[in-house]
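This report concerns only the one structure given below.
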2 protein chains.
Amino acid sequence: MDIKLDRYCFGADIGGTTIKLGLFTPGGDIVKKWEIPTRKEDNGSHILEDIAAAIKSEMEVRGLSKDNIIGVGAGAPGPVDKDGVVYKAVNLGWGILNMQQELNRLTGLMVRAGNDANIAALGEMWKGGGEGFKDLVVVTLGTGVGGGVIIDGKVVSGCLGGGGEIGHIHIEDNETEICGCGNKGCLEQYTSATGIVRLAKRRLEKDDMESRLRGGEVTAKTVFDAVKAGDALAIEVAEQFGEYLAKGLATVACVTNPEVFVIGGGVSKAGEVLLDYVKKYYKQYVFHASADAKFKLAKLGNDAGIYGAAKLVLE
Amino acid sequence: MDIKLDRYCFGADIGGTTIKLGLFTPGGDIVKKWEIPTRKEDNGSHILEDIAAAIKSEMEVRGLSKDNIIGVGAGAPGPVDKDGVVYKAVNLGWGILNMQQELNRLTGLMVRAGNDANIAALGEMWKGGGEGFKDLVVVTLGTGVGGGVIIDGKVVSGCLGGGGEIGHIHIEDNETEICGCGNKGCLEQYTSATGIVRLAKRRLEKDDMESRLRGGEVTAKTVFDAVKAGDALAIEVAEQFGEYLAKGLATVACVTNPEVFVIGGGVSKAGEVLLDYVKKYYKQYVFHASADAKFKLAKLGNDAGIYGAAKLVLE
């Protein structure tokens, strides 16, 4: 007699402070989500043990056996190759680690691992701003700028996990400050949350133009709030931001010609106004074959990673 | 009784002047190659008929039936989508044309169509400078700059055939002349054969510095010949060329993180010296995950297209 088993998959998104976990149905319904702290002591050597323990405990509570679990997807903040090997995740204290193999050993479950930004992109394709598309680029504008390039439904991880590192596209020849990566003039230096603050501060220092940004704390949020309030200086900053991001995305379009760009990360909370500034300049820099690419906001916020991780094992 | 049939495939590479044709074994041995003129009259409406006639005639001469032929691959100079639809091939007089369907109708054979530069890239992966690699970028430095991006052995054609258009990556903010595509500051404006001539002429006009490039005709070949002869002005031009191309390729590396860049086209006849200038600046602009990408020269020359077209039907 054939009994149809309930089947689930786990998604884990490992961040520098917390590990987000989710239990999903194969259709993409989230059954439960929770968080555990990221234990960075001993070079992060307890992180995978903690994930395995969390998964086992959840399976026990729900009375799920290995047969109920399709697999575990996991994202880490560092380059991850096709075999699930992480090449340094500085924020976790990891050197080179075969995360996929190790988590498989610890759980006895099928495991797929990937880079956190790439996996978040997959999540947005599955159930977020990129739903319905198979050729897309997801850009995450947070403290840094991450990206995920998806072609025909598959994330481009690259030969050493360096695919989708669009924050480090060289975009400005005249930069004097050094990016976190060691180069100068990376897209991230102008379009991340900190990059927007840099642009705003440079503009504020340039002259005495009146602005509601003067005197208070300058953040990506206060800049875009000021834009919405019609602040002329903030609008100049938004134009600069839009031109830089558009140049970078027009470049990406020359490589993969995506159907849609999905913009997420904390900065994207500014909403549609942010897309307007990017679209305006995109038209100016893009090669004609990619002129009609759509721009959408990401939808899943911080949950994109667990969605994408779960999706990874369903492929 | 099972008789093992001899199996072959055809590759066709449609250029503005001639159509190159090749008959291949599935293992990639070339049985015959030949050319027919590209008839551009009547908006190029005889081109596919001519290819079909050439194929039929070759089959007849060799006593091959449809069962002997795996298929026909064909490349056209314009954006081609996944279904083999060409979106304007200006050099052939074509508007939007379902080349794959039409050539299938004319031959009765399985047909796969793609963009010529993308297909040349596939050829170089199969039997050329990229042999043995599956994640590569082929750059063709000819009259223009074409490209082919290959991920996991498959060409990235993009949603509207605009994948691998790396000649139109925006690379220079201070350009005043307009590129063939209508934008300003495209990679092609500095690294194509004509781009190198522009760089050289601008440098020659700048001052009176002695150079063997003065007085004679300036071409990409004379520039690199002068470089090899130690001409200081030509070396400056090669440095500029190398820096522009390196910037462009470092950008592509941020998107797909390839194992190898294969450089082809007429300009690449300069040989290893050309790669030296590119590698020098690549190190300076690349994100660390892609720092170890290899650089190789293309090997198949003008035959890359027919090789790649044939490979297209073997996938």
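For the structure tokens, the naming scheme is as follows: chains receive sequential letters (A, B, ...) according to their order of presentation, residues are indexed from 1 within each chain, and ligands are indexed from 1 in presentation order.
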
Practice task
Dump as a VMD selection string the residues of chain B that approach chain A to within 7 Å, counting only C-alpha atoms.
Solution key: chain B and resid 135 156 158 to 160 162 to 166 168 to 170 183 251 to 252 254 to 259 285 287 289 to 290

So that I have them on file, write out the residues from the current selection with N, CA and C atoms, as an mmCIF file, in the first residue's frame.
```
data_model
loop_
_atom_site.group_PDB
_atom_site.id
_atom_site.type_symbol
_atom_site.label_atom_id
_atom_site.label_comp_id
_atom_site.auth_asym_id
_atom_site.auth_seq_id
_atom_site.Cartn_x
_atom_site.Cartn_y
_atom_site.Cartn_z
ATOM 1 N N ASP B 135 32.917 27.196 -18.055
ATOM 2 C CA ASP B 135 32.506 28.549 -17.652
ATOM 3 C C ASP B 135 33.502 29.519 -18.264
ATOM 4 N N VAL B 156 24.820 31.926 -22.891
ATOM 5 C CA VAL B 156 23.811 32.811 -22.320
ATOM 6 C C VAL B 156 23.316 33.738 -23.417
ATOM 7 N N GLY B 158 20.272 35.271 -23.296
ATOM 8 C CA GLY B 158 19.488 36.366 -22.722
ATOM 9 C C GLY B 158 18.067 36.335 -23.220
ATOM 10 N N CYS B 159 17.207 37.134 -22.580
ATOM 11 C CA CYS B 159 15.768 37.028 -22.875
ATOM 12 C C CYS B 159 15.439 37.517 -24.275
ATOM 13 N N LEU B 160 16.244 38.432 -24.820
ATOM 14 C CA LEU B 160 15.990 38.913 -26.187
ATOM 15 C C LEU B 160 17.241 38.795 -27.052
ATOM 16 N N GLY B 162 20.253 39.411 -26.197
ATOM 17 C CA GLY B 162 21.244 40.447 -25.901
ATOM 18 C C GLY B 162 22.312 40.002 -24.910
ATOM 19 N N GLY B 163 22.386 38.711 -24.636
ATOM 20 C CA GLY B 163 23.440 38.212 -23.742
ATOM 21 C C GLY B 163 24.791 38.290 -24.443
ATOM 22 N N GLY B 164 25.836 38.517 -23.688
ATOM 23 C CA GLY B 164 27.183 38.528 -24.253
ATOM 24 C C GLY B 164 27.495 39.725 -25.128
ATOM 25 N N GLU B 165 26.705 40.778 -25.013
ATOM 26 C CA GLU B 165 26.971 41.989 -25.820
ATOM 27 C C GLU B 165 27.990 42.855 -25.095
ATOM 28 N N ILE B 166 29.134 42.271 -24.783
ATOM 29 C CA ILE B 166 30.053 42.974 -23.899
ATOM 30 C C ILE B 166 30.767 44.141 -24.576
ATOM 31 N N HIS B 168 29.334 46.544 -25.606
ATOM 32 C CA HIS B 168 28.566 47.752 -25.292
ATOM 33 C C HIS B 168 28.467 48.015 -23.801
ATOM 34 N N ILE B 169 29.372 47.419 -23.055
ATOM 35 C CA ILE B 169 29.537 47.798 -21.651
ATOM 36 C C ILE B 169 30.048 49.241 -21.622
ATOM 37 N N HIS B 170 29.412 50.044 -20.785
ATOM 38 C CA HIS B 170 29.840 51.443 -20.640
ATOM 39 C C HIS B 170 31.118 51.484 -19.813
ATOM 40 N N ASN B 183 25.054 54.849 -27.970
ATOM 41 C CA ASN B 183 25.554 55.335 -26.672
ATOM 42 C C ASN B 183 26.952 55.919 -26.821
ATOM 43 N N THR B 251 34.559 43.574 -15.034
ATOM 44 C CA THR B 251 33.131 43.778 -14.821
ATOM 45 C C THR B 251 32.343 42.510 -15.146
ATOM 46 N N VAL B 252 32.666 41.925 -16.283
ATOM 47 C CA VAL B 252 31.999 40.678 -16.665
ATOM 48 C C VAL B 252 32.262 39.606 -15.600
ATOM 49 N N CYS B 254 32.598 40.019 -12.458
ATOM 50 C CA CYS B 254 31.711 40.244 -11.305
ATOM 51 C C CYS B 254 30.343 39.618 -11.534
ATOM 52 N N VAL B 255 29.978 39.444 -12.774
ATOM 53 C CA VAL B 255 28.650 38.893 -13.076
ATOM 54 C C VAL B 255 28.692 37.367 -13.125
ATOM 55 N N THR B 256 29.674 36.800 -13.852
ATOM 56 C CA THR B 256 29.618 35.342 -14.052
ATOM 57 C C THR B 256 30.814 34.575 -13.499
ATOM 58 N N ASN B 257 31.882 35.258 -13.063
ATOM 59 C CA ASN B 257 33.036 34.562 -12.460
ATOM 60 C C ASN B 257 33.512 33.371 -13.308
ATOM 61 N N PRO B 258 33.981 33.665 -14.538
ATOM 62 C CA PRO B 258 34.383 32.571 -15.439
ATOM 63 C C PRO B 258 35.752 31.998 -15.076
ATOM 64 N N GLU B 259 36.017 30.800 -15.588
ATOM 65 C CA GLU B 259 37.339 30.195 -15.395
ATOM 66 C C GLU B 259 38.360 30.814 -16.332
ATOM 67 N N TYR B 285 41.666 45.710 -11.450
ATOM 68 C CA TYR B 285 40.247 46.033 -11.368
ATOM 69 C C TYR B 285 39.366 44.879 -10.890
ATOM 70 N N PHE B 287 37.542 41.781 -8.906
ATOM 71 C CA PHE B 287 37.153 41.376 -7.553
ATOM 72 C C PHE B 287 37.901 40.080 -7.242
ATOM 73 N N ALA B 289 37.502 37.197 -6.003
ATOM 74 C CA ALA B 289 37.018 35.847 -6.340
ATOM 75 C C ALA B 289 37.331 35.479 -7.795
ATOM 76 N N SER B 290 37.540 36.479 -8.634
ATOM 77 C CA SER B 290 37.806 36.217 -10.056
ATOM 78 C C SER B 290 39.250 36.507 -10.450
#
```

Handout entry: Distance in Å - CA of Ala232 in chain A versus CA of Arg214 in chain A
Key =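 Going from CA of Ala232 in chain A over to CA of Arg214 in chain A, I get 12.5 Å.
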
Exercise for the section: Do a neighbour search on Leu23 in chain B at 9 Å with only C-alpha atoms, toss out local chain neighbours closer than 4 positions, and write the hits as JSON, numbers by chain. Expected result: {"B": [8, 9, 10, 11, 29, 30, 31, 32, 33, 58, 306, 310]}

Give me a file of those residues, with C-alpha atoms, as a PDB file, in the first residue's frame.
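Everything below was put into again-v9.pdb:
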```
ATOM      1  CA  TYR B   8      26.802  14.230 -39.218  1.00  0.00           C
ATOM      2  CA  CYS B   9      25.764  17.766 -38.509  1.00  0.00           C
ATOM      3  CA  PHE B  10      25.989  20.977 -40.485  1.00  0.00           C
ATOM      4  CA  GLY B  11      27.135  24.341 -39.208  1.00  0.00           C
ATOM      5  CA  ASP B  29      36.022  16.483 -36.850  1.00  0.00           C
ATOM      6  CA  ILE B  30      35.416  18.708 -39.815  1.00  0.00           C
ATOM      7  CA  VAL B  31      34.588  16.696 -42.931  1.00  0.00           C
ATOM      8  CA  LYS B  32      34.262  19.619 -45.306  1.00  0.00           C
ATOM      9  CA  LYS B  33      34.067  23.392 -45.176  1.00  0.00           C
ATOM     10  CA  GLU B  58      25.974  18.316 -50.184  1.00  0.00           C
ATOM     11  CA  ILE B 306      30.738  26.859 -38.050  1.00  0.00           C
ATOM     12  CA  ALA B 310      27.446  22.432 -35.381  1.00  0.00           C
TER      13      ALA B 310
END
```

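The residues of range 55-126 of chain A that DSSP assigns to strand (DSSP E or B) on this backbone come out as A:Ile69, A:Ile70, A:Gly71, A:Val72, A:Gly73, A:Ala74, A:Gly75, A:Ala76, A:Val80, A:Val85, A:Val86, A:Tyr87, A:Lys88, A:Ala89, A:Trp94, A:Gly95, A:Ile96, A:Leu97, A:Asn98, A:Val111, A:Arg112, A:Ala113, A:Gly114, A:Asn115.
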
Taking N, CA and C atoms for each residue, export the selection above as an mmCIF file, in the first residue's frame.
```
data_model
loop_
_atom_site.group_PDB
_atom_site.id
_atom_site.type_symbol
_atom_site.label_atom_id
_atom_site.label_comp_id
_atom_site.auth_asym_id
_atom_site.auth_seq_id
_atom_site.Cartn_x
_atom_site.Cartn_y
_atom_site.Cartn_z
ATOM 1 N N ILE A 69 11.726 14.556 4.752
ATOM 2 C CA ILE A 69 12.510 15.763 4.452
ATOM 3 C C ILE A 69 13.218 15.628 3.101
ATOM 4 N N ILE A 70 12.878 16.520 2.200
ATOM 5 C CA ILE A 70 13.518 16.516 0.876
ATOM 6 C C ILE A 70 14.985 16.906 1.014
ATOM 7 N N GLY A 71 15.237 17.876 1.848
ATOM 8 C CA GLY A 71 16.623 18.292 2.045
ATOM 9 C C GLY A 71 16.721 19.603 2.797
ATOM 10 N N VAL A 72 17.955 20.035 2.967
ATOM 11 C CA VAL A 72 18.251 21.277 3.671
ATOM 12 C C VAL A 72 19.053 22.177 2.734
ATOM 13 N N GLY A 73 18.557 23.386 2.525
ATOM 14 C CA GLY A 73 19.324 24.372 1.774
ATOM 15 C C GLY A 73 19.923 25.358 2.749
ATOM 16 N N ALA A 74 21.134 25.806 2.444
ATOM 17 C CA ALA A 74 21.788 26.718 3.378
ATOM 18 C C ALA A 74 22.582 27.772 2.637
ATOM 19 N N GLY A 75 22.498 28.990 3.125
ATOM 20 C CA GLY A 75 23.237 30.099 2.527
ATOM 21 C C GLY A 75 24.257 30.655 3.500
ATOM 22 N N ALA A 76 25.437 30.963 3.000
ATOM 23 C CA ALA A 76 26.502 31.527 3.829
ATOM 24 C C ALA A 76 27.023 32.820 3.210
ATOM 25 N N VAL A 80 30.664 30.680 -2.540
ATOM 26 C CA VAL A 80 30.386 29.245 -2.403
ATOM 27 C C VAL A 80 30.391 28.657 -3.804
ATOM 28 N N VAL A 85 31.305 24.307 -1.499
ATOM 29 C CA VAL A 85 32.495 24.673 -0.722
ATOM 30 C C VAL A 85 32.518 26.194 -0.535
ATOM 31 N N VAL A 86 32.641 26.612 0.721
ATOM 32 C CA VAL A 86 32.723 28.038 1.035
ATOM 33 C C VAL A 86 34.193 28.457 1.027
ATOM 34 N N TYR A 87 34.496 29.532 0.263
ATOM 35 C CA TYR A 87 35.854 30.063 0.251
ATOM 36 C C TYR A 87 35.912 31.306 1.120
ATOM 37 N N LYS A 88 36.143 31.112 2.370
ATOM 38 C CA LYS A 88 36.225 32.195 3.351
ATOM 39 C C LYS A 88 34.902 32.929 3.533
ATOM 40 N N ALA A 89 34.339 32.776 4.745
ATOM 41 C CA ALA A 89 33.225 33.617 5.148
ATOM 42 C C ALA A 89 33.753 34.396 6.347
ATOM 43 N N TRP A 94 35.066 31.594 9.124
ATOM 44 C CA TRP A 94 35.357 30.388 8.341
ATOM 45 C C TRP A 94 36.477 30.610 7.324
ATOM 46 N N GLY A 95 37.331 29.597 7.190
ATOM 47 C CA GLY A 95 38.257 29.548 6.063
ATOM 48 C C GLY A 95 37.578 28.783 4.937
ATOM 49 N N ILE A 96 38.302 27.876 4.304
ATOM 50 C CA ILE A 96 37.689 27.064 3.248
ATOM 51 C C ILE A 96 36.994 25.875 3.901
ATOM 52 N N LEU A 97 35.722 25.725 3.610
ATOM 53 C CA LEU A 97 34.916 24.719 4.310
ATOM 54 C C LEU A 97 33.900 24.107 3.351
ATOM 55 N N ASN A 98 33.865 22.776 3.270
ATOM 56 C CA ASN A 98 32.825 22.137 2.459
ATOM 57 C C ASN A 98 31.548 22.035 3.281
ATOM 58 N N VAL A 111 21.822 17.983 1.349
ATOM 59 C CA VAL A 111 22.092 19.400 1.599
ATOM 60 C C VAL A 111 22.560 20.078 0.314
ATOM 61 N N ARG A 112 22.085 21.298 0.096
ATOM 62 C CA ARG A 112 22.607 22.150 -0.974
ATOM 63 C C ARG A 112 22.995 23.478 -0.353
ATOM 64 N N ALA A 113 24.174 23.949 -0.704
ATOM 65 C CA ALA A 113 24.636 25.199 -0.106
ATOM 66 C C ALA A 113 24.951 26.218 -1.179
ATOM 67 N N GLY A 114 24.839 27.476 -0.830
ATOM 68 C CA GLY A 114 25.141 28.538 -1.782
ATOM 69 C C GLY A 114 25.468 29.837 -1.073
ATOM 70 N N ASN A 115 25.840 30.815 -1.851
ATOM 71 C CA ASN A 115 26.125 32.144 -1.321
ATOM 72 C C ASN A 115 24.817 32.821 -0.882
#
```

Practice task
Please identify all polymer residues within 7 Å of Gly266 in chain A, counting only C-alpha atoms, omitting same-chain residues fewer than 2 positions from it, and present them as a ChimeraX atom specification.
Solution key: /A:141-142,264,268-269

Since we have the selection now, will you write its residues out, keeping C-alpha atoms, as an mmCIF file, in the first residue's frame?
```cif
data_model
loop_
_atom_site.group_PDB
_atom_site.id
_atom_site.type_symbol
_atom_site.label_atom_id
_atom_site.label_comp_id
_atom_site.auth_asym_id
_atom_site.auth_seq_id
_atom_site.Cartn_x
_atom_site.Cartn_y
_atom_site.Cartn_z
ATOM 1 C CA LEU A 141 21.287 47.293 -1.423
ATOM 2 C CA GLY A 142 22.203 46.889 2.226
ATOM 3 C CA GLY A 264 15.960 44.666 -2.475
ATOM 4 C CA SER A 268 14.935 49.559 -1.246
ATOM 5 C CA LYS A 269 12.465 50.376 1.527
#
```

Practice task
Pick out each residue of range 177-313 of chain A that DSSP on the backbone tags as alpha helix (DSSP H); I need them as a ChimeraX atom specification.
Solution key: /A:188-191,193-206,220-228,232-256,272-285,304-312

Exercise for the section: For Gly28 in chain B, list every protein, DNA or RNA residue within 8 Å, evaluated using only C-alpha atoms, and leave out those in the same chain fewer than 3 positions away; present the list as a list in words. Expected result: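 Close residues of Gly28 in chain B: Phe24, Thr25, Trp126, Lys127, Tyr307 and Lys311 of chain B.
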
For the selection just defined, write its residues with C-alpha atoms to a file, as an mmCIF file, in the first residue's frame.
```
data_model
loop_
_atom_site.group_PDB
_atom_site.id
_atom_site.type_symbol
_atom_site.label_atom_id
_atom_site.label_comp_id
_atom_site.auth_asym_id
_atom_site.auth_seq_id
_atom_site.Cartn_x
_atom_site.Cartn_y
_atom_site.Cartn_z
ATOM 1 C CA PHE B 24 31.055 17.806 -38.976
ATOM 2 C CA THR B 25 31.122 14.478 -37.212
ATOM 3 C CA TRP B 126 34.309 22.907 -28.138
ATOM 4 C CA LYS B 127 37.502 22.776 -30.169
ATOM 5 C CA TYR B 307 32.175 24.769 -35.219
ATOM 6 C CA LYS B 311 27.898 22.074 -31.618
#
```

Exercise for the section: Would you mind telling me which residue in B:Asp208, B:Gly216, B:Thr191, B:Lys280 lies nearest to Phe241 in chain B when using only C-alpha atoms? Expected result: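 Going through B:Asp208, B:Gly216, B:Thr191, B:Lys280 one by one, the smallest distance to Phe241 in chain B is for B:Thr191.
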
Handout entry: CA of Thr18 in chain B to CA of Thr38 in chain B, distance in Å rounded to a single decimal
Key =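 Interatomic distance, CA of Thr18 in chain B to CA of Thr38 in chain B: 4.7 Å.
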
Exercise for the section: Check the smallest atom-to-atom distance from each of B:Ile235, B:Ile119, B:Gln101, B:Leu312 to Asp83 in chain B using only C-alpha atoms, then report the winner. Expected result: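 Answer, going by the shortest atom-to-atom distance: B:Gln101.
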